[in-house]
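The file upload35.cif contains mmCIF, C-alpha atoms and all ligand atoms:
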```cif
data_target
loop_
_atom_site.label_atom_id
_atom_site.label_comp_id
_atom_site.auth_asym_id
_atom_site.auth_seq_id
_atom_site.Cartn_x
_atom_site.Cartn_y
_atom_site.Cartn_z
CA MET A 1 10.40 -27.87 -16.68
CA GLU A 2 10.56 -28.29 -12.94
CA LYS A 3 7.17 -28.20 -11.23
CA SER A 4 6.39 -25.09 -9.25
CA GLU A 5 5.47 -25.48 -5.59
CA TYR A 6 1.93 -24.44 -6.52
CA GLU A 7 1.71 -27.25 -9.04
CA ARG A 8 3.24 -29.76 -6.64
CA LEU A 9 0.46 -28.97 -4.16
CA ASP A 10 -2.23 -28.97 -6.87
CA ILE A 11 -2.94 -25.27 -6.48
CA PRO A 12 -4.23 -23.58 -9.64
CA THR A 13 -1.68 -21.04 -10.91
CA VAL A 14 -2.44 -17.59 -12.25
CA VAL A 15 -1.16 -15.53 -15.14
CA ASN A 16 -1.49 -12.11 -13.57
CA ALA A 17 -2.70 -9.47 -16.00
CA ALA A 18 -4.42 -7.55 -13.22
CA GLY A 19 -1.46 -5.73 -11.67
CA HIS A 20 -0.23 -5.84 -8.09
CA LEU A 21 -3.41 -7.07 -6.44
CA THR A 22 -3.11 -8.51 -2.94
CA ARG A 23 -5.80 -11.04 -3.88
CA LEU A 24 -3.40 -12.51 -6.45
CA GLY A 25 -0.26 -12.35 -4.36
CA GLY A 26 0.78 -8.87 -5.46
CA THR A 27 3.98 -8.72 -7.44
CA ARG A 28 7.08 -10.65 -8.28
CA ILE A 29 9.41 -9.79 -5.42
CA ARG A 30 12.72 -8.50 -6.75
CA GLU A 31 15.13 -11.41 -7.05
CA GLU A 32 17.80 -9.53 -5.13
CA ALA A 33 15.32 -9.08 -2.28
CA VAL A 34 14.55 -12.81 -2.27
CA GLU A 35 18.28 -13.52 -2.10
CA ALA A 36 18.67 -11.08 0.78
CA MET A 37 15.76 -12.75 2.61
CA LYS A 38 17.24 -16.18 2.08
CA ASN A 39 20.52 -14.96 3.48
CA ALA A 40 18.86 -13.30 6.48
CA SER A 41 16.79 -16.39 7.23
CA GLN A 42 19.81 -18.46 8.26
CA SER A 43 21.27 -16.23 10.95
CA PHE A 44 20.04 -13.87 13.61
CA ALA A 45 19.87 -10.24 14.61
CA ARG A 46 17.72 -8.50 17.20
CA ILE A 47 14.55 -7.26 15.56
CA SER A 48 15.01 -3.98 17.45
CA ASP A 49 18.49 -3.56 15.92
CA LEU A 50 17.07 -4.30 12.47
CA GLN A 51 14.30 -1.77 13.00
CA SER A 52 16.81 0.75 14.30
CA ARG A 53 18.91 0.50 11.14
CA ALA A 54 15.73 0.52 9.05
CA SER A 55 14.72 3.73 10.79
CA GLU A 56 17.99 5.39 9.75
CA LEU A 57 17.64 4.23 6.16
CA ILE A 58 13.98 5.27 5.94
CA SER A 59 14.92 8.67 7.37
CA GLU A 60 17.60 9.06 4.72
CA VAL A 61 15.24 8.41 1.84
CA THR A 62 12.15 10.19 3.16
CA GLY A 63 13.65 13.09 5.09
CA SER A 64 11.65 12.03 8.17
CA GLU A 65 12.96 11.99 11.74
CA ALA A 66 12.46 8.24 12.01
CA GLY A 67 10.98 5.22 10.28
CA TYR A 68 9.70 1.74 10.94
CA ILE A 69 8.99 -1.38 8.92
CA THR A 70 5.48 -2.75 9.29
CA CYS A 71 3.91 -5.90 7.94
CA SER A 72 1.95 -3.89 5.33
CA ALA A 73 0.87 -0.30 4.78
CA SER A 74 -2.35 -1.34 6.49
CA SER A 75 -0.66 -2.31 9.73
CA GLY A 76 1.42 0.87 9.45
CA LEU A 77 -1.82 2.83 9.57
CA THR A 78 -3.14 0.79 12.49
CA LEU A 79 0.09 1.15 14.46
CA GLY A 80 0.44 4.81 13.52
CA THR A 81 -3.06 5.53 14.77
CA ALA A 82 -2.35 3.56 17.95
CA ALA A 83 0.72 5.78 18.42
CA CYS A 84 -1.44 8.90 18.04
CA ILE A 85 -3.76 7.54 20.74
CA ALA A 86 -1.18 6.25 23.21
CA GLY A 87 1.95 8.37 22.83
CA ASP A 88 4.31 7.17 25.58
CA ASP A 89 1.54 6.09 27.96
CA LEU A 90 2.14 2.40 28.76
CA SER A 91 -1.26 1.92 30.36
CA VAL A 92 -3.05 3.22 27.25
CA MET A 93 -0.88 0.90 25.11
CA ASP A 94 -1.99 -1.91 27.37
CA SER A 95 -5.69 -1.06 26.91
CA LEU A 96 -5.77 -0.75 23.14
CA PRO A 97 -7.84 -1.46 21.13
CA ASP A 98 -10.21 -0.79 24.05
CA THR A 99 -10.49 2.98 24.31
CA THR A 100 -12.98 3.25 27.16
CA GLY A 101 -12.22 6.57 28.84
CA ILE A 102 -9.41 7.31 26.37
CA SER A 103 -9.42 9.97 23.63
CA ASP A 104 -9.94 8.14 20.36
CA GLU A 105 -11.40 10.44 17.70
CA LEU A 106 -9.59 10.32 14.38
CA LEU A 107 -10.83 12.97 11.96
CA MET A 108 -11.20 12.16 8.29
CA ALA A 109 -12.76 14.01 5.36
CA LYS A 110 -16.04 12.37 4.40
CA ALA A 111 -14.77 12.11 0.81
CA HIS A 112 -11.71 10.20 2.07
CA ARG A 113 -13.67 7.37 3.69
CA ASN A 114 -12.77 4.20 1.81
CA ILE A 115 -12.46 0.43 1.81
CA TYR A 116 -9.30 0.59 3.96
CA ASP A 117 -10.99 2.32 6.94
CA HIS A 118 -10.50 -0.77 9.09
CA ASN A 119 -6.79 -0.01 9.12
CA PHE A 120 -7.39 3.04 11.28
CA ARG A 121 -10.24 1.60 13.33
CA ALA A 122 -8.36 -1.58 14.27
CA SER A 123 -6.31 0.58 16.65
CA GLY A 124 -9.44 1.37 18.66
CA ALA A 125 -9.88 4.80 17.06
CA ARG A 126 -13.31 6.05 16.02
CA ILE A 127 -13.48 7.89 12.72
CA VAL A 128 -15.20 11.28 12.91
CA GLU A 129 -16.00 12.79 9.55
CA PHE A 130 -15.67 16.38 8.43
CA GLY A 131 -16.77 18.09 5.20
CA LEU A 132 -19.26 16.81 2.69
CA ASN A 133 -19.20 14.95 -0.58
CA HIS A 134 -19.67 16.89 -3.76
CA VAL A 135 -23.00 15.88 -5.31
CA VAL A 136 -21.48 15.02 -8.66
CA THR A 137 -17.85 14.05 -8.19
CA GLY A 138 -17.91 12.55 -4.72
CA LEU A 139 -14.95 14.77 -3.91
CA GLU A 140 -15.31 18.11 -2.21
CA ASP A 141 -12.87 20.80 -1.33
CA VAL A 142 -13.03 21.24 2.43
CA LYS A 143 -12.51 24.58 4.13
CA GLU A 144 -10.30 24.95 7.17
CA TRP A 145 -13.28 25.91 9.34
CA GLN A 146 -14.97 22.62 8.48
CA ILE A 147 -12.01 20.73 9.90
CA GLU A 148 -11.85 22.97 12.97
CA GLN A 149 -15.53 22.39 13.61
CA ALA A 150 -14.86 18.67 14.07
CA ILE A 151 -11.97 19.05 16.53
CA THR A 152 -12.74 18.25 20.17
CA ASP A 153 -10.71 17.44 23.30
CA ASN A 154 -10.93 13.80 22.21
CA THR A 155 -9.31 14.33 18.80
CA ILE A 156 -6.16 12.23 18.47
CA GLY A 157 -5.26 12.94 14.87
CA ILE A 158 -6.37 13.57 11.31
CA ALA A 159 -6.21 10.87 8.65
CA TYR A 160 -5.45 11.88 5.08
CA MET A 161 -5.83 9.71 1.97
CA ALA A 162 -3.14 10.65 -0.53
CA GLN A 163 -4.14 10.40 -4.16
CA PRO A 164 -3.37 12.58 -7.17
CA ARG A 165 -7.02 13.62 -7.68
CA ASN A 166 -7.39 14.97 -4.16
CA GLN A 167 -9.19 18.27 -3.87
CA LEU A 168 -8.46 18.68 -0.17
CA SER A 169 -4.78 19.58 -0.04
CA LEU A 170 -2.51 18.09 2.58
CA SER A 171 -1.21 21.55 3.42
CA THR A 172 -4.73 22.71 4.37
CA VAL A 173 -5.05 19.79 6.77
CA VAL A 174 -1.55 20.31 8.15
CA ASN A 175 -2.23 24.03 8.77
CA VAL A 176 -5.23 23.27 10.94
CA ALA A 177 -3.57 20.31 12.65
CA ASN A 178 -0.55 22.42 13.58
CA ASP A 179 -2.77 25.12 15.09
CA TYR A 180 -4.37 22.51 17.35
CA ASP A 181 -1.24 20.42 17.87
CA ILE A 182 -2.70 17.20 16.48
CA PRO A 183 -0.81 14.78 14.24
CA VAL A 184 -1.67 14.08 10.59
CA ILE A 185 -1.35 10.50 9.39
CA VAL A 186 -1.20 9.91 5.63
CA ASP A 187 -2.23 6.78 3.76
CA ALA A 188 0.26 6.81 0.89
CA ALA A 189 0.10 3.04 0.39
CA ALA A 190 -0.26 3.30 -3.37
CA GLN A 191 1.68 6.54 -3.96
CA LEU A 192 5.02 5.02 -5.04
CA PRO A 193 6.09 5.71 -7.77
CA PRO A 194 6.82 8.52 -8.29
CA VAL A 195 9.94 8.23 -6.13
CA GLU A 196 9.56 11.91 -5.19
CA ASN A 197 6.57 10.93 -3.05
CA LEU A 198 9.00 9.33 -0.60
CA THR A 199 9.84 12.85 0.59
CA HIS A 200 6.79 14.77 -0.61
CA PHE A 201 4.31 14.14 2.22
CA ILE A 202 6.93 14.64 4.90
CA GLU A 203 7.92 17.93 3.28
CA GLU A 204 4.27 18.98 3.28
CA GLY A 205 4.23 18.48 7.03
CA ALA A 206 2.70 15.02 7.56
CA ASP A 207 3.54 13.55 10.99
CA LEU A 208 3.32 9.92 9.83
CA VAL A 209 3.19 8.47 6.32
CA ALA A 210 2.42 4.83 5.54
CA PHE A 211 3.73 3.25 2.34
CA SER A 212 3.23 -0.24 0.97
CA GLY A 213 6.27 -2.46 0.37
CA GLY A 214 4.36 -5.00 -1.71
CA LYS A 215 3.24 -2.76 -4.55
CA GLU A 216 5.59 -1.02 -7.01
CA VAL A 217 8.48 -1.21 -4.52
CA ARG A 218 8.30 -4.98 -5.13
CA GLY A 219 9.40 -6.00 -1.69
CA PRO A 220 7.83 -8.90 0.21
CA GLN A 221 4.03 -8.85 -0.07
CA THR A 222 3.55 -8.53 3.66
CA THR A 223 5.64 -5.40 4.18
CA GLY A 224 5.16 -1.68 4.38
CA PHE A 225 6.86 1.17 6.16
CA LEU A 226 6.12 4.23 8.20
CA ALA A 227 8.06 7.48 8.02
CA GLY A 228 7.52 10.26 10.48
CA ARG A 229 8.03 11.89 13.81
CA GLN A 230 10.46 10.33 16.27
CA ASP A 231 8.02 10.30 19.21
CA LEU A 232 5.28 8.62 17.18
CA ILE A 233 7.66 6.02 15.75
CA ARG A 234 8.81 5.35 19.33
CA SER A 235 5.22 4.62 20.32
CA VAL A 236 4.86 2.36 17.28
CA ALA A 237 8.00 0.45 18.30
CA LEU A 238 6.81 0.09 21.90
CA GLN A 239 3.52 -1.34 20.71
CA HIS A 240 5.06 -3.59 18.09
CA LEU A 241 8.32 -5.10 19.31
CA ASP A 242 8.39 -8.35 21.24
CA MET A 243 8.62 -7.47 24.93
CA SER A 244 9.38 -10.90 26.33
CA ILE A 245 12.62 -9.89 28.01
CA ALA A 246 13.90 -9.38 31.55
CA GLU A 247 14.00 -5.70 32.47
CA PRO A 248 17.81 -5.38 32.95
CA PHE A 249 18.41 -6.53 29.38
CA TRP A 250 15.79 -4.29 27.84
CA ASN A 251 17.51 -1.44 26.06
CA LEU A 252 15.98 -0.23 22.86
CA PRO A 253 18.24 1.46 20.32
CA GLU A 254 18.63 5.18 20.91
CA ASN A 255 17.33 6.25 17.51
CA LEU A 256 14.07 4.35 18.02
CA VAL A 257 13.40 5.50 21.54
CA GLY A 258 15.21 8.82 21.73
CA ASN A 259 15.81 10.08 25.22
CA ALA A 260 12.27 9.39 26.43
CA GLU A 261 11.77 8.10 29.94
CA ILE A 262 9.82 4.87 29.53
CA LYS A 263 8.61 3.44 32.82
CA GLY A 264 9.74 -0.13 32.36
CA VAL A 265 9.07 -2.83 29.80
CA PRO A 266 5.60 -2.59 28.24
CA ASN A 267 3.49 -5.69 27.68
CA ASN A 268 3.32 -7.09 24.17
CA GLY A 269 1.05 -4.59 22.44
CA LEU A 270 -1.53 -4.17 19.76
CA GLY A 271 1.11 -4.76 17.08
CA ARG A 272 1.89 -8.31 18.10
CA SER A 273 -0.55 -9.69 15.53
CA MET A 274 1.26 -7.71 12.85
CA LYS A 275 4.83 -8.80 13.44
CA THR A 276 7.63 -8.43 10.92
CA GLY A 277 10.31 -11.08 10.59
CA LYS A 278 13.99 -10.51 9.99
CA GLU A 279 13.53 -11.76 6.43
CA GLU A 280 10.77 -9.25 5.64
CA ILE A 281 12.72 -6.35 7.11
CA ILE A 282 15.86 -7.20 5.14
CA GLY A 283 13.85 -7.98 2.00
CA LEU A 284 12.04 -4.67 2.09
CA LEU A 285 15.22 -2.67 2.69
CA LYS A 286 16.82 -4.33 -0.32
CA ALA A 287 13.75 -3.74 -2.49
CA LEU A 288 13.49 -0.11 -1.42
CA GLU A 289 17.14 0.50 -2.26
CA LEU A 290 16.60 -0.94 -5.75
CA PHE A 291 13.32 0.90 -6.24
CA ILE A 292 15.05 4.22 -5.64
CA GLU A 293 17.89 3.42 -8.05
CA GLU A 294 15.59 2.12 -10.76
CA ASP A 295 15.13 3.94 -14.06
CA HIS A 296 11.37 4.49 -14.01
CA ASP A 297 11.26 5.79 -17.59
CA GLU A 298 12.89 2.61 -18.79
CA LEU A 299 10.39 0.55 -16.77
CA LYS A 300 7.52 2.45 -18.33
CA ALA A 301 8.97 1.77 -21.77
CA GLU A 302 8.99 -1.96 -20.92
CA TRP A 303 5.37 -1.80 -19.81
CA MET A 304 4.43 0.04 -23.00
CA GLU A 305 6.12 -2.66 -25.06
CA ARG A 306 4.06 -5.27 -23.20
CA ASN A 307 0.91 -3.20 -23.71
CA GLU A 308 1.67 -3.04 -27.43
CA ILE A 309 1.90 -6.85 -27.60
CA VAL A 310 -1.53 -7.15 -26.00
CA ALA A 311 -3.18 -4.29 -27.87
CA SER A 312 -1.94 -5.28 -31.32
CA ASN A 313 -3.42 -8.76 -30.87
CA LEU A 314 -6.73 -7.62 -29.40
CA ARG A 315 -7.33 -5.00 -32.10
CA SER A 316 -8.09 -7.86 -34.50
CA ILE A 317 -11.24 -8.70 -32.54
CA GLU A 318 -14.39 -7.16 -33.94
CA GLY A 319 -16.41 -5.37 -31.28
CA PHE A 320 -13.31 -4.61 -29.17
CA ASP A 321 -12.30 -0.99 -28.80
CA VAL A 322 -8.68 -1.15 -27.61
CA MET A 323 -6.73 1.77 -26.18
CA ILE A 324 -3.38 2.10 -24.42
CA GLN A 325 -3.36 4.64 -21.60
CA ASP A 326 -1.09 7.66 -21.90
CA PRO A 327 2.16 6.89 -20.05
CA LYS A 328 2.56 10.58 -19.22
CA LYS A 329 -0.71 10.59 -17.31
CA ASN A 330 -0.57 7.16 -15.70
CA GLU A 331 2.05 5.70 -13.37
CA ILE A 332 1.27 2.25 -14.74
CA PRO A 333 -0.28 2.63 -18.19
CA GLN A 334 -2.63 -0.24 -19.03
CA VAL A 335 -4.51 -1.56 -22.04
CA ILE A 336 -8.19 -0.62 -21.86
CA VAL A 337 -10.66 -2.78 -23.73
CA ASN A 338 -14.25 -1.67 -24.28
CA VAL A 339 -16.47 -4.46 -25.47
CA ASP A 340 -19.55 -4.11 -27.66
CA GLU A 341 -21.48 -7.26 -26.90
CA SER A 342 -23.89 -6.73 -29.77
CA VAL A 343 -20.91 -7.26 -32.10
CA THR A 344 -18.86 -9.81 -30.12
CA GLY A 345 -21.79 -11.92 -28.96
CA MET A 346 -19.96 -12.41 -25.66
CA SER A 347 -20.22 -10.22 -22.59
CA VAL A 348 -17.26 -9.00 -20.53
CA LYS A 349 -18.62 -11.00 -17.62
CA ASP A 350 -18.63 -14.24 -19.59
CA LEU A 351 -15.19 -13.59 -21.04
CA VAL A 352 -13.60 -12.80 -17.66
CA GLN A 353 -15.35 -15.80 -16.12
CA ALA A 354 -14.01 -18.05 -18.87
CA LEU A 355 -10.48 -16.70 -18.47
CA ILE A 356 -10.35 -17.26 -14.72
CA SER A 357 -11.69 -20.78 -15.13
CA GLU A 358 -8.79 -21.78 -17.36
CA GLU A 359 -5.68 -23.64 -16.35
CA PRO A 360 -3.66 -21.60 -15.57
CA ARG A 361 -6.18 -18.97 -14.52
CA VAL A 362 -5.89 -15.81 -16.61
CA GLU A 363 -6.76 -12.82 -14.46
CA VAL A 364 -7.41 -9.53 -16.21
CA ARG A 365 -8.46 -6.44 -14.25
CA CYS A 366 -12.23 -6.20 -13.96
CA PHE A 367 -13.78 -4.54 -10.91
CA ASP A 368 -17.48 -3.64 -10.51
CA GLY A 369 -17.00 -0.33 -12.28
CA HIS A 370 -15.38 -2.01 -15.28
CA LEU A 371 -18.15 -4.58 -15.48
CA LYS A 372 -20.88 -1.93 -15.44
CA ASN A 373 -19.16 -0.17 -18.32
CA GLU A 374 -18.61 -3.39 -20.29
CA MET A 375 -14.84 -3.08 -20.16
CA PHE A 376 -11.73 -4.66 -18.69
CA THR A 377 -8.06 -3.77 -18.61
CA VAL A 378 -4.82 -5.67 -19.03
CA ASN A 379 -2.18 -4.45 -16.60
CA PRO A 380 1.45 -5.04 -17.67
CA PHE A 381 3.01 -4.74 -14.19
CA SER A 382 3.03 -8.39 -13.11
CA LEU A 383 3.39 -9.92 -16.60
CA THR A 384 6.42 -10.96 -18.60
CA ASN A 385 6.39 -10.27 -22.35
CA ASP A 386 5.73 -13.97 -22.99
CA GLU A 387 2.84 -13.93 -20.57
CA ALA A 388 1.46 -10.80 -22.24
CA GLN A 389 1.40 -12.72 -25.51
CA TYR A 390 -0.24 -15.67 -23.75
CA VAL A 391 -2.95 -13.47 -22.25
CA ALA A 392 -3.68 -11.94 -25.64
CA ASP A 393 -3.82 -15.40 -27.23
CA ARG A 394 -6.25 -16.67 -24.61
CA ILE A 395 -8.53 -13.67 -25.03
CA VAL A 396 -8.50 -14.09 -28.81
CA ALA A 397 -9.20 -17.84 -28.46
CA ASN A 398 -12.15 -17.26 -26.14
CA MET A 399 -13.63 -14.60 -28.39
CA SER A 400 -13.47 -16.80 -31.47
CA ASN A 401 -15.27 -19.74 -29.83
C1 LIG B 1 -3.05 -0.95 -1.15
C2 LIG B 1 -3.60 0.09 -0.29
C3 LIG B 1 -3.60 -0.07 1.10
C4 LIG B 1 -3.10 -1.33 1.75
O1 LIG B 1 -1.72 -1.50 1.59
P1 LIG B 1 -1.09 -2.91 2.07
O2 LIG B 1 0.38 -2.69 2.03
O3 LIG B 1 -1.56 -3.91 1.07
O4 LIG B 1 -1.62 -3.17 3.41
C5 LIG B 1 -4.09 0.95 1.87
N1 LIG B 1 -4.57 2.08 1.31
C6 LIG B 1 -4.59 2.28 -0.02
C7 LIG B 1 -5.11 3.54 -0.58
C8 LIG B 1 -4.11 1.29 -0.87
O5 LIG B 1 -4.13 1.46 -2.18
#
```

What is this file in structure tokens?
Amino acid sequence: MEKSEYERLDIPTVVNAAGHLTRLGGTRIREEAVEAMKNASQSFARISDLQSRASELISEVTGSEAGYITCSASSGLTLGTAACIAGDDLSVMDSLPDTTGISDELLMAKAHRNIYDHNFRASGARIVEFGLNHVVTGLEDVKEWQIEQAITDNTIGIAYMAQPRNQLSLSTVVNVANDYDIPVIVDAAAQLPPVENLTHFIEEGADLVAFSGGKEVRGPQTTGFLAGRQDLIRSVALQHLDMSIAEPFWNLPENLVGNAEIKGVPNNGLGRSMKTGKEEIIGLLKALELFIEEDHDELKAEWMERNEIVASNLRSIEGFDVMIQDPKKNEIPQVIVNVDESVTGMSVKDLVQALISEEPRVEVRCFDGHLKNEMFTVNPFSLTNDEAQYVADRIVANMSN
């Protein structure tokens, strides 16, 4: 077999049983998207024209006024927050991320604070918390008055973390935000599928929603997209597009800029370090189109078949308690393995360590929480059926050493 580029450069390869983790390069990009990227790479279009068409297509599938392709959901959140701070003000755009003398308070439920907070703060915004954590669950329903209490003249928006287990409903946040005329920006990075979520948050009244292109959409790893209000997307575009152009030739597409009076060409903005290439834009559009057409029940059936391959092999190991997650309750059902070390004689830590030290590395899913509970999972998303068998074989081999 032909050597992979990784092998040619002596880079250890990975069999990815951990899902679409950024650390491992995410997913297999859809082949059609790779083809589209290859095609786009050999000729040119203005990035603003690409983004303009992307805006139309994103609007069509999300029901939003406008849309924009970012270099990840993360940069979508950064740019979206920058838009909430700056609006159409070129001098504020020029200052960011320095917000000295500029309103910069982004409200966020305490229970929504998370490991992706940097995405908002990189814009220059300061996060101001409202509500409290529940003592037991870490999640607390927040009352409208608790949100109102946190609003000041310096509030630029409210951030909302979308996840199925949320107690604080988006509509509660939107109600308050509308009363005070402040935008709501939703982190929906990991909320596709279900496909219905493309329109859901917009329907609920979100002003901006950030999705990831590198997760289940299976576009290029470094893509994401924003859907939302025309004026906010305009601010995103003004802070993201390359502005190295003589003024007479600067005319942004109507659907990106609307009829706003912009006082001349802005400087390159905050978004410059998050640029999107023509290949990424085209690749994501192709992947998104396919994601929407895809039969998600059929996909789930494929994942369940893969899970069955893994589970049936691992059930032979004494001291392993193997369970397949319910596909009705999980967007990506995985195989869960609880390990009783007193029977196996090998801890989860030692097993996972052994697997990642192999050639190729075998990466199962094992975060801190898993480790504490002496368990790991095998995620079918980024595996082929052959690889699923390989992963099972390697686990069995390590356990019988
Ligand atoms: C994955 C994820 C992100 C980051 O998305 P990228 O597209 O990788 O930047 C942000 N927020 C949440 C909740 C996520 O799960």

Spatial neighbours of Arg394 (chain A), max dist 12 Å, only C-alpha atoms, sep filter under 2 positions, as number ranges by chain: A: 15, 17, 310, 313-314, 351-352, 354-364, 387-392, 396-401

Contact residues around region 146-162 of chain A with all atoms listed in the file at 7 Å, ignoring same-chain residues under 6 positions, as a list in words: Cys84, Ile85, Ser103, Asp104, Glu105, Leu106, Leu107, Met108, His112, Phe130, Gly131, Val176, Ile182, Pro183, Val184, Ile185, Val186, Asp187 and Ala188 of chain A

Test item: residues lying within 8 Å of ligand LIG 1 (chain B) with all atoms listed in the file, as a PyMOL selection string: chain A and resi 22+71-76+116+119+161-163+187-191+211-215+221-224

Residue nearest Leu299 (chain A) among A:Phe249, A:Tyr68, A:Phe381, A:Phe367 (counting all atoms listed in the file):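 Closest residue, counting all atoms listed in the file: A:Phe381.
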
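Take CA of Ala227 (chain A) and CA of Phe201 (chain A): the distance between them is 9.6 Å.
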
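Proximity of A:Pro220, A:Gly101, A:Thr172, A:Asp179 to Glu280 (chain A), computed with only C-alpha atoms, is greatest for A:Pro220.
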
Region 334-339 of chain A surroundings by only C-alpha atoms, 7 Å radius, close-in-sequence under 2 positions cut, as number ranges by chain: A: 307, 311, 319-325, 332, 341, 348, 374-380

I need the chosen residues saved as a compact mmCIF listing (two decimals), keeping the file's coordinate frame, with C-alpha atoms.
```
# COMPACT_ATOMS: atom_id res chain seq x y z
CA ASN A 307 0.91 -3.20 -23.71
CA ALA A 311 -3.18 -4.29 -27.87
CA GLY A 319 -16.41 -5.37 -31.28
CA PHE A 320 -13.31 -4.61 -29.17
CA ASP A 321 -12.30 -0.99 -28.80
CA VAL A 322 -8.68 -1.15 -27.61
CA MET A 323 -6.73 1.77 -26.18
CA ILE A 324 -3.38 2.10 -24.42
CA GLN A 325 -3.36 4.64 -21.60
CA ILE A 332 1.27 2.25 -14.74
CA GLU A 341 -21.48 -7.26 -26.90
CA VAL A 348 -17.26 -9.00 -20.53
CA GLU A 374 -18.61 -3.39 -20.29
CA MET A 375 -14.84 -3.08 -20.16
CA PHE A 376 -11.73 -4.66 -18.69
CA THR A 377 -8.06 -3.77 -18.61
CA VAL A 378 -4.82 -5.67 -19.03
CA ASN A 379 -2.18 -4.45 -16.60
CA PRO A 380 1.45 -5.04 -17.67
```

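One distance worth recording is that between CA of Phe44 (chain A) and CA of Glu60 (chain A), which is 24.7 Å.
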
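Between CA of Leu192 (chain A) and CA of Val142 (chain A) there is a distance of 25.4 Å.
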
Centre and size of axis-aligned box enclosing region 49-60 of chain A plus 3 Å each side, as JSON:
```
{"center_x": 16.4, "center_y": 2.4, "center_z": 10.3, "size_x": 10.9, "size_y": 19.4, "size_z": 17.2}
```

Given all atoms listed in the file as the counted atoms, nearest of A:Ala54, A:Met93, A:Ala45, A:Ile292 to Leu238 (chain A): A:Met93

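Minimum atom-to-atom distance to Ala40 (chain A), evaluated using only C-alpha atoms, belongs to A:Glu279 out of A:Asp350, A:Glu279, A:Glu302, A:Glu318.
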
Excluding same-chain residues fewer than 6 positions from Asn385 (chain A), what lies within 9 Å of it counting only C-alpha atoms, as a short mmCIF file (atom, residue, chain, number, x, y, z; two decimals) with C-alpha atoms, in the frame of the given file?
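As written to disk, result.cif reads:
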```cif
data_model
loop_
_atom_site.label_atom_id
_atom_site.label_comp_id
_atom_site.auth_asym_id
_atom_site.auth_seq_id
_atom_site.Cartn_x
_atom_site.Cartn_y
_atom_site.Cartn_z
CA GLU A 302 8.99 -1.96 -20.92
CA TRP A 303 5.37 -1.80 -19.81
CA GLU A 305 6.12 -2.66 -25.06
CA ARG A 306 4.06 -5.27 -23.20
CA ILE A 309 1.90 -6.85 -27.60
#
```
